[in-house]
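**Q** Sharing protein.cif, mmCIF, C-alpha atoms:
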```cif
data_structure
loop_
_atom_site.group_PDB
_atom_site.id
_atom_site.type_symbol
_atom_site.label_atom_id
_atom_site.label_comp_id
_atom_site.auth_asym_id
_atom_site.auth_seq_id
_atom_site.Cartn_x
_atom_site.Cartn_y
_atom_site.Cartn_z
ATOM 1 C CA MET A 1 28.704 -97.157 -6.690
ATOM 2 C CA THR A 2 30.750 -94.974 -4.356
ATOM 3 C CA ALA A 3 32.281 -91.859 -5.877
ATOM 4 C CA ALA A 4 36.049 -91.974 -5.814
ATOM 5 C CA ALA A 5 38.274 -88.925 -5.527
ATOM 6 C CA PRO A 6 39.486 -87.726 -8.923
ATOM 7 C CA PRO A 7 43.224 -87.312 -9.525
ATOM 8 C CA ASP A 8 44.397 -84.218 -7.677
ATOM 9 C CA PRO A 9 45.272 -81.502 -10.202
ATOM 10 C CA HIS A 10 47.201 -79.653 -7.508
ATOM 11 C CA ILE A 11 49.538 -82.364 -6.246
ATOM 12 C CA ARG A 12 52.269 -79.746 -6.072
ATOM 13 C CA ARG A 13 50.439 -78.310 -3.063
ATOM 14 C CA HIS A 14 51.938 -80.996 -0.836
ATOM 15 C CA LEU A 15 54.746 -79.526 1.263
ATOM 16 C CA THR A 16 57.690 -81.330 2.818
ATOM 17 C CA TRP A 17 58.177 -80.112 6.381
ATOM 18 C CA ASP A 18 60.383 -82.552 8.271
ATOM 19 C CA GLY A 19 58.489 -83.980 11.237
ATOM 20 C CA CYS A 20 55.025 -83.539 9.724
ATOM 21 C CA PHE A 21 53.280 -85.901 7.311
ATOM 22 C CA ASN A 22 50.152 -84.116 6.091
ATOM 23 C CA VAL A 23 50.964 -80.563 4.987
ATOM 24 C CA ARG A 24 49.675 -78.752 1.930
ATOM 25 C CA ASP A 25 49.085 -75.228 0.681
ATOM 26 C CA LEU A 26 45.491 -74.375 -0.235
ATOM 27 C CA GLY A 27 46.675 -72.231 -3.133
ATOM 28 C CA GLY A 28 45.337 -73.117 -6.555
ATOM 29 C CA LEU A 29 41.880 -74.205 -5.376
ATOM 30 C CA GLY A 30 39.267 -71.746 -6.570
ATOM 31 C CA ARG A 31 40.815 -68.297 -6.240
ATOM 32 C CA HIS A 32 42.862 -69.265 -3.175
ATOM 33 C CA ALA A 33 46.350 -67.761 -3.329
ATOM 34 C CA THR A 34 49.477 -69.799 -2.771
ATOM 35 C CA GLY A 35 51.162 -68.967 0.524
ATOM 36 C CA ALA A 36 48.103 -67.487 2.236
ATOM 37 C CA PHE A 37 46.966 -70.543 4.223
ATOM 38 C CA VAL A 38 48.562 -73.940 4.809
ATOM 39 C CA ARG A 39 46.843 -76.914 6.446
ATOM 40 C CA ALA A 40 48.945 -79.286 8.532
ATOM 41 C CA ASP A 41 49.111 -82.002 11.126
ATOM 42 C CA SER A 42 50.636 -81.131 14.495
ATOM 43 C CA VAL A 43 53.592 -78.816 13.973
ATOM 44 C CA GLU A 44 55.034 -79.537 17.414
ATOM 45 C CA LYS A 45 56.671 -82.554 15.735
ATOM 46 C CA LEU A 46 58.654 -80.353 13.345
ATOM 47 C CA THR A 47 62.422 -80.611 13.425
ATOM 48 C CA ALA A 48 64.616 -77.534 13.058
ATOM 49 C CA ALA A 49 64.706 -78.247 9.316
ATOM 50 C CA GLY A 50 60.919 -78.522 9.276
ATOM 51 C CA TRP A 51 60.490 -75.155 10.967
ATOM 52 C CA ALA A 52 62.997 -73.633 8.547
ATOM 53 C CA ALA A 53 60.923 -74.951 5.639
ATOM 54 C CA ALA A 54 57.719 -73.505 7.133
ATOM 55 C CA HIS A 55 59.374 -70.126 7.645
ATOM 56 C CA ALA A 56 60.822 -70.190 4.121
ATOM 57 C CA HIS A 57 57.319 -70.861 2.774
ATOM 58 C CA GLY A 58 56.239 -67.571 4.334
ATOM 59 C CA VAL A 59 54.457 -68.836 7.440
ATOM 60 C CA ARG A 60 54.410 -66.185 10.143
ATOM 61 C CA THR A 61 51.432 -67.369 12.208
ATOM 62 C CA VAL A 62 50.518 -70.833 13.462
ATOM 63 C CA LEU A 63 46.937 -71.442 14.575
ATOM 64 C CA ASP A 64 46.706 -74.488 16.866
ATOM 65 C CA LEU A 65 43.175 -75.915 16.885
ATOM 66 C CA ARG A 66 43.865 -78.641 19.459
ATOM 67 C CA ASN A 67 42.673 -78.921 23.043
ATOM 68 C CA ASP A 68 45.078 -78.168 25.874
ATOM 69 C CA ASP A 69 45.476 -81.831 26.832
ATOM 70 C CA GLU A 70 46.635 -82.732 23.310
ATOM 71 C CA ARG A 71 49.639 -80.449 23.399
ATOM 72 C CA GLY A 72 53.158 -81.561 24.189
ATOM 73 C CA ALA A 73 56.669 -80.199 23.964
ATOM 74 C CA ASP A 74 58.031 -79.001 20.650
ATOM 75 C CA ALA A 75 60.635 -81.255 19.065
ATOM 76 C CA ALA A 76 62.593 -78.139 18.050
ATOM 77 C CA PRO A 77 62.319 -74.431 18.905
ATOM 78 C CA ARG A 78 59.947 -72.329 16.851
ATOM 79 C CA PRO A 79 61.808 -69.691 14.832
ATOM 80 C CA ASP A 80 61.718 -66.049 15.789
ATOM 81 C CA GLY A 81 59.127 -64.312 13.685
ATOM 82 C CA ILE A 82 56.468 -67.028 13.948
ATOM 83 C CA THR A 83 53.576 -66.276 16.296
ATOM 84 C CA THR A 84 51.499 -69.120 17.740
ATOM 85 C CA VAL A 85 47.800 -68.631 18.442
ATOM 86 C CA ARG A 86 46.000 -71.361 20.381
ATOM 87 C CA LEU A 87 42.259 -71.612 19.842
ATOM 88 C CA PRO A 88 40.678 -75.024 20.564
ATOM 89 C CA LEU A 89 37.995 -75.632 17.969
ATOM 90 C CA ASP A 90 36.004 -78.708 18.883
ATOM 91 C CA GLY A 91 34.470 -77.787 22.252
ATOM 92 C CA ILE A 92 35.205 -81.231 23.634
ATOM 93 C CA GLU A 93 33.887 -80.174 27.048
ATOM 94 C CA ASP A 94 30.360 -80.219 25.555
ATOM 95 C CA THR A 95 29.848 -83.875 26.438
ATOM 96 C CA ALA A 96 26.150 -83.864 25.533
ATOM 97 C CA PHE A 97 27.123 -83.194 21.920
ATOM 98 C CA TRP A 98 30.248 -85.316 21.662
ATOM 99 C CA GLU A 99 29.576 -88.504 23.644
ATOM 100 C CA PRO A 100 27.256 -90.068 21.047
ATOM 101 C CA TRP A 101 29.956 -89.589 18.411
ATOM 102 C CA PHE A 102 32.751 -91.285 20.345
ATOM 103 C CA THR A 103 31.376 -94.767 19.639
ATOM 104 C CA ASP A 104 30.159 -93.963 16.113
ATOM 105 C CA TRP A 105 32.331 -94.716 13.082
ATOM 106 C CA ARG A 106 31.304 -91.346 11.633
ATOM 107 C CA TRP A 107 33.472 -89.502 14.165
ATOM 108 C CA GLY A 108 36.610 -88.563 12.267
ATOM 109 C CA THR A 109 34.709 -88.244 8.994
ATOM 110 C CA PRO A 110 32.853 -85.373 7.268
ATOM 111 C CA LEU A 111 29.604 -86.949 8.460
ATOM 112 C CA HIS A 112 29.947 -85.013 11.718
ATOM 113 C CA TYR A 113 30.688 -81.693 10.013
ATOM 114 C CA ARG A 114 27.150 -80.405 9.507
ATOM 115 C CA PRO A 115 26.034 -81.263 13.056
ATOM 116 C CA PHE A 116 29.192 -79.587 14.353
ATOM 117 C CA LEU A 117 28.678 -76.464 12.229
ATOM 118 C CA ASP A 118 25.087 -76.184 13.409
ATOM 119 C CA HIS A 119 25.963 -76.716 17.085
ATOM 120 C CA PHE A 120 29.136 -74.623 17.391
ATOM 121 C CA PRO A 121 28.788 -71.513 15.192
ATOM 122 C CA GLU A 122 30.478 -69.351 17.819
ATOM 123 C CA ARG A 123 33.624 -71.509 17.715
ATOM 124 C CA VAL A 124 33.834 -71.390 13.938
ATOM 125 C CA ALA A 125 33.239 -67.631 14.084
ATOM 126 C CA ALA A 126 36.074 -67.172 16.597
ATOM 127 C CA THR A 127 38.402 -69.195 14.363
ATOM 128 C CA ALA A 128 37.494 -67.104 11.314
ATOM 129 C CA GLU A 129 38.122 -63.899 13.252
ATOM 130 C CA ALA A 130 41.520 -65.160 14.434
ATOM 131 C CA LEU A 131 42.531 -66.068 10.877
ATOM 132 C CA ALA A 132 41.438 -62.692 9.547
ATOM 133 C CA ALA A 133 43.330 -60.862 12.310
ATOM 134 C CA ALA A 134 46.616 -62.768 11.985
ATOM 135 C CA ALA A 135 49.794 -60.800 11.413
ATOM 136 C CA PRO A 136 50.990 -60.271 7.822
ATOM 137 C CA GLY A 137 52.394 -63.389 6.186
ATOM 138 C CA GLY A 138 51.196 -66.925 5.683
ATOM 139 C CA VAL A 139 49.141 -68.800 8.264
ATOM 140 C CA ALA A 140 49.519 -72.511 9.022
ATOM 141 C CA PHE A 141 46.561 -74.017 10.876
ATOM 142 C CA HIS A 142 46.626 -77.478 12.354
ATOM 143 C CA CYS A 143 45.062 -80.014 14.673
ATOM 144 C CA ALA A 144 46.584 -83.415 15.519
ATOM 145 C CA ALA A 145 46.236 -85.297 12.229
ATOM 146 C CA GLY A 146 45.545 -82.381 9.897
ATOM 147 C CA ARG A 147 42.334 -83.968 8.679
ATOM 148 C CA ASP A 148 39.122 -83.157 10.564
ATOM 149 C CA ARG A 149 39.331 -79.948 12.570
ATOM 150 C CA THR A 150 41.790 -78.753 9.952
ATOM 151 C CA GLY A 151 39.375 -79.972 7.295
ATOM 152 C CA LEU A 152 36.579 -77.853 8.737
ATOM 153 C CA VAL A 153 38.719 -74.727 8.568
ATOM 154 C CA SER A 154 39.806 -75.641 5.034
ATOM 155 C CA LEU A 155 36.139 -76.012 4.038
ATOM 156 C CA LEU A 156 35.485 -72.479 5.279
ATOM 157 C CA LEU A 157 38.510 -70.896 3.610
ATOM 158 C CA LEU A 158 38.039 -72.681 0.315
ATOM 159 C CA SER A 159 34.350 -71.789 0.206
ATOM 160 C CA LEU A 160 35.241 -68.122 0.726
ATOM 161 C CA ALA A 161 37.824 -68.395 -2.068
ATOM 162 C CA GLY A 162 35.269 -69.768 -4.518
ATOM 163 C CA ALA A 163 36.577 -73.333 -4.726
ATOM 164 C CA ALA A 164 34.208 -75.824 -6.309
ATOM 165 C CA PRO A 165 32.727 -78.511 -4.052
ATOM 166 C CA GLU A 166 34.662 -81.104 -6.039
ATOM 167 C CA GLU A 167 37.926 -79.287 -5.292
ATOM 168 C CA ILE A 168 37.121 -79.075 -1.596
ATOM 169 C CA ALA A 169 36.252 -82.774 -1.447
ATOM 170 C CA ALA A 170 39.372 -83.790 -3.369
ATOM 171 C CA ASP A 171 41.539 -81.743 -1.011
ATOM 172 C CA TYR A 172 39.991 -83.462 2.008
ATOM 173 C CA ALA A 173 40.477 -86.896 0.452
ATOM 174 C CA LEU A 174 44.196 -86.255 -0.027
ATOM 175 C CA SER A 175 44.713 -86.658 3.716
ATOM 176 C CA GLU A 176 43.664 -90.304 3.786
ATOM 177 C CA ALA A 177 46.819 -91.633 2.138
ATOM 178 C CA ARG A 178 48.859 -89.822 4.790
ATOM 179 C CA MET A 179 47.002 -91.010 7.867
ATOM 180 C CA THR A 180 49.041 -94.176 8.489
ATOM 181 C CA PRO A 181 52.293 -92.325 9.345
ATOM 182 C CA VAL A 182 50.348 -89.594 11.143
ATOM 183 C CA PHE A 183 48.556 -92.024 13.444
ATOM 184 C CA THR A 184 51.667 -94.119 13.936
ATOM 185 C CA ALA A 185 53.455 -90.985 15.184
ATOM 186 C CA LEU A 186 50.490 -90.291 17.479
ATOM 187 C CA GLY A 187 50.725 -93.795 18.962
ATOM 188 C CA ARG A 188 47.477 -94.881 17.315
ATOM 189 C CA ALA A 189 48.778 -97.225 14.635
ATOM 190 C CA GLY A 190 45.991 -99.083 12.892
ATOM 191 C CA GLU A 191 43.391 -96.326 13.231
ATOM 192 C CA ALA A 192 43.708 -95.304 9.583
ATOM 193 C CA ALA A 193 43.099 -98.849 8.365
ATOM 194 C CA GLN A 194 40.109 -99.224 10.694
ATOM 195 C CA LEU A 195 38.464 -96.076 9.354
ATOM 196 C CA ALA A 196 39.173 -97.068 5.749
ATOM 197 C CA ALA A 197 37.451 -100.385 6.415
ATOM 198 C CA ALA A 198 34.469 -98.566 7.927
ATOM 199 C CA TYR A 199 34.117 -96.387 4.828
ATOM 200 C CA ARG A 200 34.149 -99.518 2.655
ATOM 201 C CA SER A 201 31.604 -101.301 4.810
ATOM 202 C CA HIS A 202 29.235 -98.343 4.453
ATOM 203 C CA ALA A 203 29.826 -98.119 0.687
ATOM 204 C CA THR A 204 31.157 -94.596 0.828
ATOM 205 C CA SER A 205 34.458 -92.669 0.830
ATOM 206 C CA PRO A 206 36.061 -89.530 2.279
ATOM 207 C CA TYR A 207 35.615 -87.793 -1.077
ATOM 208 C CA ALA A 208 31.930 -88.715 -1.373
ATOM 209 C CA GLU A 209 31.062 -87.587 2.146
ATOM 210 C CA MET A 210 32.989 -84.326 1.916
ATOM 211 C CA LEU A 211 31.354 -83.583 -1.416
ATOM 212 C CA LYS A 212 27.922 -83.795 0.217
ATOM 213 C CA VAL A 213 28.976 -81.268 2.860
ATOM 214 C CA ALA A 214 30.692 -78.879 0.442
ATOM 215 C CA ARG A 215 27.710 -78.772 -1.922
ATOM 216 C CA ARG A 216 25.532 -77.472 0.900
ATOM 217 C CA PHE A 217 27.935 -75.040 2.514
ATOM 218 C CA ASP A 218 28.315 -71.314 1.826
ATOM 219 C CA GLY A 219 31.114 -69.923 3.983
ATOM 220 C CA ALA A 220 30.111 -66.268 3.741
ATOM 221 C CA ALA A 221 26.456 -66.961 4.548
ATOM 222 C CA TYR A 222 27.415 -69.237 7.433
ATOM 223 C CA LEU A 223 29.714 -66.645 9.014
ATOM 224 C CA ALA A 224 27.122 -63.910 8.598
ATOM 225 C CA ALA A 225 24.529 -66.073 10.382
ATOM 226 C CA ALA A 226 27.120 -66.744 13.112
ATOM 227 C CA GLY A 227 27.409 -63.002 13.743
ATOM 228 C CA VAL A 228 30.770 -62.360 12.081
ATOM 229 C CA PRO A 229 30.863 -58.762 10.741
ATOM 230 C CA GLY A 230 30.836 -58.386 6.986
ATOM 231 C CA THR A 231 34.111 -56.479 7.164
ATOM 232 C CA THR A 232 35.777 -59.470 8.830
ATOM 233 C CA VAL A 233 34.375 -61.881 6.241
ATOM 234 C CA ALA A 234 35.628 -59.616 3.471
ATOM 235 C CA ALA A 235 39.063 -59.360 5.101
ATOM 236 C CA LEU A 236 39.319 -63.132 5.412
ATOM 237 C CA ARG A 237 38.296 -63.656 1.799
ATOM 238 C CA ALA A 238 40.790 -61.019 0.670
ATOM 239 C CA ARG A 239 43.508 -62.736 2.631
ATOM 240 C CA ALA A 240 42.660 -66.156 1.223
ATOM 241 C CA THR A 241 42.636 -64.871 -2.341
ATOM 242 C CA GLY A 242 45.869 -62.916 -1.988
ATOM 243 C CA GLN A 243 44.353 -59.468 -2.163
ATOM 244 C CA SER A 244 45.635 -58.825 1.337
ATOM 245 C CA ARG A 245 48.249 -60.529 3.495
ATOM 246 C CA GLY A 246 47.537 -58.585 6.616
#
```
Show this structure as structure tokens.
**A**
Amino acid sequence: MTAAAPPDPHIRRHLTWDGCFNVRDLGGLGRHATGAFVRADSVEKLTAAGWAAAHAHGVRTVLDLRNDDERGADAAPRPDGITTVRLPLDGIEDTAFWEPWFTDWRWGTPLHYRPFLDHFPERVAATAEALAAAAPGGVAFHCAAGRDRTGLVSLLLLSLAGAAPEEIAADYALSEARMTPVFTALGRAGEAAQLAAAYRSHATSPYAEMLKVARRFDGAAYLAAAGVPGTTVAALRARATGQSRG
């Protein structure tokens, strides 16, 4: 039988930011501090009220993981005091790596995470360094749907904060219920249902697949092997766990 995601003990982590559909604070998982890092879908859809809510939550840096061709105009101006850092994560220009995935149902699932981590350590390292170097305050990181590229970064941060694999997998699985409005807003209505059907046809689930990845991932060891200095790893862990906000 396929493992199902357990009830989320941290449902309060969901945040209401008008214009976004898939936003939650990582606080409460492992030793991760509330307010340190927030995962989200594309914040360019935020209304003025949505940006006000993000700012009130303590967000002072936004890390945009999308490619240049995915970006559009903001629905409302970003508040003063929020810095945006743009750092495309997925290396989509590496067609030799990505083309086989484009016609595979596993694209858009944790099944591509380990191949990605093995192939692109320098991109993950650059993302970790950017997160560690962000200005004081909370950091919101996002891609388009807030699920896969965002899920990779969440895996890293939660591993550094000592979250259990089951917590990491349950956090990832929370996104699935929010994909229908996300993809509708992206003009890709129906994609969420198609992927859900693919999971069922392969007798698996988002939770089960993410659990496999999380059980075999050590964030600190991975970053060290990717050449990230130990001081940077320590600074990122301290930030995630609330020992440092700068």
**Q** Return as a ChimeraX atom specification the set of residues that the PyMOL selection byres ((chain A and resi 131-140) around 6) yields on the displayed structure.
**A** /A:35-39,58-62,128-130,141,236,245-246
**Q** How many Å lie between CA of Ala53 (chain A) and CA of Pro206 (chain A), rounded to one decimal?
**A**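 Answer for the CA of Ala53 (chain A) to CA of Pro206 (chain A) separation: 29.0 Å.
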**Q** Could you state which residues are captured by the PyMOL selection byres ((chain A and resi 205) around 12) in this file, as a PDB file with C-alpha atoms, keeping the file's coordinate frame?
**A**
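Final file, result-v3.pdb:
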```pdb
ATOM      1  CA  MET A   1      28.704 -97.157  -6.690  1.00  0.00           C
ATOM      2  CA  THR A   2      30.750 -94.974  -4.356  1.00  0.00           C
ATOM      3  CA  ALA A   3      32.281 -91.859  -5.877  1.00  0.00           C
ATOM      4  CA  ALA A   4      36.049 -91.974  -5.814  1.00  0.00           C
ATOM      5  CA  ALA A   5      38.274 -88.925  -5.527  1.00  0.00           C
ATOM      6  CA  ARG A 106      31.304 -91.346  11.633  1.00  0.00           C
ATOM      7  CA  THR A 109      34.709 -88.244   8.994  1.00  0.00           C
ATOM      8  CA  PRO A 110      32.853 -85.373   7.268  1.00  0.00           C
ATOM      9  CA  LEU A 111      29.604 -86.949   8.460  1.00  0.00           C
ATOM     10  CA  ALA A 169      36.252 -82.774  -1.447  1.00  0.00           C
ATOM     11  CA  ALA A 170      39.372 -83.790  -3.369  1.00  0.00           C
ATOM     12  CA  TYR A 172      39.991 -83.462   2.008  1.00  0.00           C
ATOM     13  CA  ALA A 173      40.477 -86.896   0.452  1.00  0.00           C
ATOM     14  CA  LEU A 174      44.196 -86.255  -0.027  1.00  0.00           C
ATOM     15  CA  GLU A 176      43.664 -90.304   3.786  1.00  0.00           C
ATOM     16  CA  LEU A 195      38.464 -96.076   9.354  1.00  0.00           C
ATOM     17  CA  ALA A 196      39.173 -97.068   5.749  1.00  0.00           C
ATOM     18  CA  ALA A 197      37.451-100.385   6.415  1.00  0.00           C
ATOM     19  CA  ALA A 198      34.469 -98.566   7.927  1.00  0.00           C
ATOM     20  CA  TYR A 199      34.117 -96.387   4.828  1.00  0.00           C
ATOM     21  CA  ARG A 200      34.149 -99.518   2.655  1.00  0.00           C
ATOM     22  CA  SER A 201      31.604-101.301   4.810  1.00  0.00           C
ATOM     23  CA  HIS A 202      29.235 -98.343   4.453  1.00  0.00           C
ATOM     24  CA  ALA A 203      29.826 -98.119   0.687  1.00  0.00           C
ATOM     25  CA  THR A 204      31.157 -94.596   0.828  1.00  0.00           C
ATOM     26  CA  PRO A 206      36.061 -89.530   2.279  1.00  0.00           C
ATOM     27  CA  TYR A 207      35.615 -87.793  -1.077  1.00  0.00           C
ATOM     28  CA  ALA A 208      31.930 -88.715  -1.373  1.00  0.00           C
ATOM     29  CA  GLU A 209      31.062 -87.587   2.146  1.00  0.00           C
ATOM     30  CA  MET A 210      32.989 -84.326   1.916  1.00  0.00           C
ATOM     31  CA  LEU A 211      31.354 -83.583  -1.416  1.00  0.00           C
ATOM     32  CA  LYS A 212      27.922 -83.795   0.217  1.00  0.00           C
TER      33      LYS A 212
END
```
**Q** Just so the selection is clear, what residues does the PyMOL selection byres ((chain A and resi 114) around 10) cover here, as an MDAnalysis selection string?
**A** chainID A and resid 110:113 115:120 152 212:214 216:217
**Q** Taking all atoms listed in the file into account, name the residue in A:Asp64, A:Glu93, A:Glu99, A:Asp218 that is nearest to Leu156 (chain A).
**A**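 Between A:Asp64, A:Glu93, A:Glu99, A:Asp218, the residue approaching Leu156 (chain A) most closely is A:Asp218.
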**Q** Just how far from CA of Arg178 (chain A) is CA of Arg13 (chain A), in Å to one decimal?
**A**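 Atom-to-atom, CA of Arg13 (chain A) to CA of Arg178 (chain A), that is 14.0 Å.
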**Q** Please determine an axis-aligned box that encloses all atoms of region 13-18 of chain A listed in the file, with 4 Å added on each side, and express its centre and edge lengths in Å to one decimal as AutoDock Vina command-line options.
**A**
```
--center_x 55.4 --center_y -80.4 --center_z 2.6 --size_x 17.9 --size_y 12.2 --size_z 19.3
```
**Q** Please provide the set of residues having any atom within 10 Å of Val43 (chain A), restricted to all atoms listed in the file, with same-chain residues fewer than 6 positions apart removed, written as a list in words.
**A**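 My reading of the contact set: Trp17, Asp18, Gly19, Cys20, Phe21, Val23, Gly50, Trp51, Ala54, Val62, Leu63, Asp64, Asp74, Ala75, Ala76, Arg78, Ala140, Phe141, His142, Cys143, Ala144, Ala145 and Gly146 of chain A.
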**Q** Print the selection's residues with C-alpha atoms to a file, as a PDB file, in the coordinates of the input.
**A**
```pdb
ATOM      1  CA  TRP A  17      58.177 -80.112   6.381  1.00  0.00           C
ATOM      2  CA  ASP A  18      60.383 -82.552   8.271  1.00  0.00           C
ATOM      3  CA  GLY A  19      58.489 -83.980  11.237  1.00  0.00           C
ATOM      4  CA  CYS A  20      55.025 -83.539   9.724  1.00  0.00           C
ATOM      5  CA  PHE A  21      53.280 -85.901   7.311  1.00  0.00           C
ATOM      6  CA  VAL A  23      50.964 -80.563   4.987  1.00  0.00           C
ATOM      7  CA  GLY A  50      60.919 -78.522   9.276  1.00  0.00           C
ATOM      8  CA  TRP A  51      60.490 -75.155  10.967  1.00  0.00           C
ATOM      9  CA  ALA A  54      57.719 -73.505   7.133  1.00  0.00           C
ATOM     10  CA  VAL A  62      50.518 -70.833  13.462  1.00  0.00           C
ATOM     11  CA  LEU A  63      46.937 -71.442  14.575  1.00  0.00           C
ATOM     12  CA  ASP A  64      46.706 -74.488  16.866  1.00  0.00           C
ATOM     13  CA  ASP A  74      58.031 -79.001  20.650  1.00  0.00           C
ATOM     14  CA  ALA A  75      60.635 -81.255  19.065  1.00  0.00           C
ATOM     15  CA  ALA A  76      62.593 -78.139  18.050  1.00  0.00           C
ATOM     16  CA  ARG A  78      59.947 -72.329  16.851  1.00  0.00           C
ATOM     17  CA  ALA A 140      49.519 -72.511   9.022  1.00  0.00           C
ATOM     18  CA  PHE A 141      46.561 -74.017  10.876  1.00  0.00           C
ATOM     19  CA  HIS A 142      46.626 -77.478  12.354  1.00  0.00           C
ATOM     20  CA  CYS A 143      45.062 -80.014  14.673  1.00  0.00           C
ATOM     21  CA  ALA A 144      46.584 -83.415  15.519  1.00  0.00           C
ATOM     22  CA  ALA A 145      46.236 -85.297  12.229  1.00  0.00           C
ATOM     23  CA  GLY A 146      45.545 -82.381   9.897  1.00  0.00           C
TER      24      GLY A 146
END
```
**Q** Pick out the residues sitting within 10 Å of Ser159 (chain A), and hand them over as a list in words; count all atoms listed in the file, and ignore anything fewer than 6 positions along from it in its own chain.
**A** Leu29, Gly30, Arg31, His32, Val153, Pro165, Glu167, Ile168, Ala214, Arg215, Phe217, Asp218, Gly219, Ala220 and Arg237 of chain A
**Q** What is the CA of Gln243 (chain A) to CA of Leu26 (chain A) distance in Å?
**A**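 Interatomic distance, CA of Gln243 (chain A) to CA of Leu26 (chain A): 15.1 Å.
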**Q** Which residue out of A:Gly108, A:Leu158, A:Arg149, A:Ala185 has the minimum interatomic distance to Glu44 (chain A) when all atoms listed in the file are used?
**A**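 Result for the nearest residue to Glu44 (chain A): A:Ala185.
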